[in-house]
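Chemist: Handing you a structure now.
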Amino acid sequence: MKKQAVRHQIVEHLSRLGDASLHKVGNSEDEFAEVYHYHNTLEVVIVRQGWVEGVVGGVMGTMTRDMIVVIGDDIPHCVLRASKNCRLLLVHVPAELLKWDEERFPELAHGVDYIRCSKSGMVYHDARLADQLARLAVKLDAAEGFMRMSLMMKLLHILSTTLPSSTILAVQQQGSTMKEKESCVDRAYRYLYEHFRRTFSLDELAAYAGLTPSALCRSFRKSSGSTIGEFCSRLRIEYACNLLLTTSLDVSQIAYQSGYSSYPHFFTQFKRAMKTTPTAYRQRSQGGR
């Protein structure tokens, strides 16, 4: 029975390994740029042009051309701002792919360890490596079956045998040192990303950021182009969208888990932002099933 289950896993994975796609995040029509989300896959992000500023696991940073970031499964991340010419090449690799092979194929242990380490967020800044991975990603996207699997394994091997420039977790663990380098508005962003699912006051946020409430509101609007309330509402709606797409939770449960104290308020805010109802959004994403 165990061998049969493994065979089924192989067949299932071969049809969806290594999705690769190009995102023009500088284009306002690309909704990817504004969605706070996570995957059940390992994500390899290669910056091919321009720059992008975002949040990965609660850490803010900027990626420039030829930078590569490997983000582990279930780590939330989001693009905040990007240059108009920004181009990101993304490759998604199912993180569970090697888990069933670890005992049967000890030689894959290094790759399995690398996937575990990706929880720290691997950062590479190497133009030659970026070009090499970009070419490989294009081939991977065009391949099928075992050839796709082979190319994906090659990509993982290259990454796992190349020393990263840094890890995102290391930056996060710098604690007070990191805080000193952050601006007051950066601290406000951090607080919002960590607490948007609960009720908090403007005074709490301002105290954390180190500004008066009025000064924070002015600085935040200048930085983001929106009010604090609008920004927080966007985070909640995006989180709700993710739950609608990836879970079978009741819509009212999703409303409360996304930070709304009442379903009617959530319904109104969702419809205003997404131009449709939560139920219709879920049905549309599932092809009307």
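Chain labels A, B, ... are given in the sequence in which chains occur in the structure tokens; within each chain residues are numbered consecutively from 1, and ligands are likewise numbered from 1 in the order shown.
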Name the residues in contact with stretch 222-227 of chain A at a cut-off of 10 Å, using only C-alpha atoms, excluding same-chain residues fewer than 6 positions from it; report them as a list in words.

Modeler: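 In the requested format, the answer is Leu80, Arg81, Val185, Asp186, Tyr189, Leu216 and Ser233 of chain A.
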
Chemist: Identify, on the basis of only C-alpha atoms, every residue whose closest approach to stretch 273-283 of chain A does not exceed 10 Å; exclude the query and any residue fewer than 4 positions from it along the same chain; express the result as an NGL selection string.

Modeler: :A and (233-234 or 237-238 or 240-248 or 250-252 or 254-255 or 266-269 or 287-289)

Chemist: Save out the residues we just selected, N, CA and C atoms, as a compact mmCIF listing (two decimals), in the first residue's frame.

Modeler:
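Final output, saved to part.txt:
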```
# COMPACT_ATOMS: atom_id res chain seq x y z
N SER A 233 -7.50 48.10 6.07
CA SER A 233 -8.65 47.46 5.45
C SER A 233 -8.22 46.63 4.25
N ARG A 234 -7.25 47.14 3.47
CA ARG A 234 -6.75 46.39 2.32
C ARG A 234 -6.10 45.09 2.76
N ILE A 237 -8.86 42.63 3.71
CA ILE A 237 -9.58 42.10 2.54
C ILE A 237 -8.70 41.10 1.80
N GLU A 238 -7.41 41.40 1.65
CA GLU A 238 -6.51 40.49 0.95
C GLU A 238 -6.36 39.17 1.71
N ALA A 240 -8.66 37.92 3.66
CA ALA A 240 -9.94 37.24 3.46
C ALA A 240 -9.98 36.57 2.09
N CYS A 241 -9.47 37.24 1.06
CA CYS A 241 -9.43 36.65 -0.29
C CYS A 241 -8.64 35.35 -0.27
N ASN A 242 -7.51 35.37 0.43
CA ASN A 242 -6.69 34.16 0.50
C ASN A 242 -7.44 33.02 1.18
N LEU A 243 -8.17 33.33 2.26
CA LEU A 243 -8.93 32.30 2.96
C LEU A 243 -10.07 31.77 2.08
N LEU A 244 -10.69 32.66 1.33
CA LEU A 244 -11.77 32.24 0.43
C LEU A 244 -11.26 31.29 -0.65
N LEU A 245 -10.04 31.52 -1.10
CA LEU A 245 -9.46 30.70 -2.17
C LEU A 245 -8.87 29.40 -1.68
N THR A 246 -8.38 29.38 -0.43
CA THR A 246 -7.59 28.24 0.03
C THR A 246 -8.23 27.41 1.14
N THR A 247 -9.37 27.85 1.66
CA THR A 247 -10.03 27.09 2.73
C THR A 247 -11.52 26.90 2.41
N SER A 248 -12.15 26.06 3.19
CA SER A 248 -13.60 25.86 3.07
C SER A 248 -14.34 26.50 4.23
N ASP A 250 -16.53 28.92 6.51
CA ASP A 250 -17.72 29.71 6.27
C ASP A 250 -17.34 31.18 6.12
N VAL A 251 -18.06 31.92 5.29
CA VAL A 251 -17.71 33.31 5.03
C VAL A 251 -17.75 34.14 6.30
N SER A 252 -18.67 33.86 7.19
CA SER A 252 -18.73 34.62 8.46
C SER A 252 -17.50 34.34 9.31
N ILE A 254 -14.54 33.59 8.12
CA ILE A 254 -13.46 34.31 7.45
C ILE A 254 -13.48 35.78 7.82
N ALA A 255 -14.68 36.34 7.94
CA ALA A 255 -14.80 37.75 8.33
C ALA A 255 -14.13 38.01 9.67
N PHE A 266 -17.85 43.58 7.23
CA PHE A 266 -16.96 42.87 6.33
C PHE A 266 -17.56 42.79 4.93
N PHE A 267 -18.84 42.43 4.85
CA PHE A 267 -19.52 42.28 3.56
C PHE A 267 -19.47 43.59 2.77
N THR A 268 -19.76 44.70 3.46
CA THR A 268 -19.76 46.01 2.81
C THR A 268 -18.36 46.37 2.31
N GLN A 269 -17.36 46.19 3.17
CA GLN A 269 -15.98 46.53 2.80
C GLN A 269 -15.47 45.64 1.67
N GLY A 287 -14.27 28.49 -10.74
CA GLY A 287 -14.86 28.20 -12.05
C GLY A 287 -16.34 27.93 -11.99
N GLY A 288 -16.98 28.52 -10.93
CA GLY A 288 -18.42 28.38 -10.83
C GLY A 288 -18.87 27.05 -10.28
N ARG A 289 -17.92 26.25 -9.77
CA ARG A 289 -18.30 24.94 -9.23
C ARG A 289 -18.98 25.10 -7.89
```

Chemist: As JSON, numbers by chain, please: all residues of stretch 49-267 of chain A that backbone DSSP puts in strand (DSSP E or B).

Modeler: {"A": [49, 51, 52, 53, 54, 55, 56, 59, 60, 61, 62, 63, 64, 67, 68, 69, 70, 71, 77, 78, 79, 80, 81, 82, 87, 88, 89, 90, 91, 92, 93, 94, 122, 123, 124, 125, 166, 167]}

Chemist: For A:Tyr208, find every residue with an atom within 9 Å (counting only C-alpha atoms), except residues of its own chain fewer than 2 positions away, and show them as a PyMOL selection string.

Modeler: chain A and resi 184+187-188+191+203-206+210-211

Chemist: Keeping only C-alpha atoms, take the residues you just selected and write them out as a compact mmCIF listing (two decimals), in the first residue's frame.

Modeler:
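result-v1.txt was written with the following content:
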```txt
# COMPACT_ATOMS: atom_id res chain seq x y z
CA CYS A 184 8.99 55.55 12.04
CA ARG A 187 7.80 50.51 12.13
CA ALA A 188 4.18 51.40 11.48
CA TYR A 191 3.01 46.78 13.29
CA ASP A 203 -2.52 55.66 19.82
CA GLU A 204 -1.07 52.12 20.10
CA LEU A 205 0.25 52.25 16.54
CA ALA A 206 1.69 55.75 16.98
CA GLY A 210 7.52 56.66 17.85
CA LEU A 211 5.37 59.52 16.52
```

Chemist: Between A:Ala137, A:Leu163, A:Val52, A:Met147, single out the one closest to A:Leu90, counting only C-alpha atoms.

Modeler: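 Selected residue with least distance to A:Leu90: A:Ala137.
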
Chemist: Please measure the separation of atom CA of A:Arg236 and atom CA of A:Phe270, giving the value in Å to one decimal.

Modeler: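 For atom CA of A:Arg236 relative to atom CA of A:Phe270, the distance reads 9.2 Å.
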
Chemist: A:Thr167: which residues within 9 Å, counting only C-alpha atoms, same-chain residues fewer than 6 positions away excluded, as a count of residues only?

Modeler: 7

Chemist: What does the distance from atom CA of A:Ser262 to atom CA of A:Phe196 come to in Å, to one decimal?

Modeler: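 Between atom CA of A:Ser262 and atom CA of A:Phe196 the gap works out to 15.2 Å.
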
Chemist: Do you have the atom CA of A:Gly54-atom CA of A:Pro213 distance handy?

Modeler: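 So the answer is 24.1 Å.
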
Chemist: Considering only alpha helix (DSSP H) as DSSP defines it on the backbone, what residues of stretch 34-263 of chain A qualify? List them as a count of residues only.

Modeler: 111
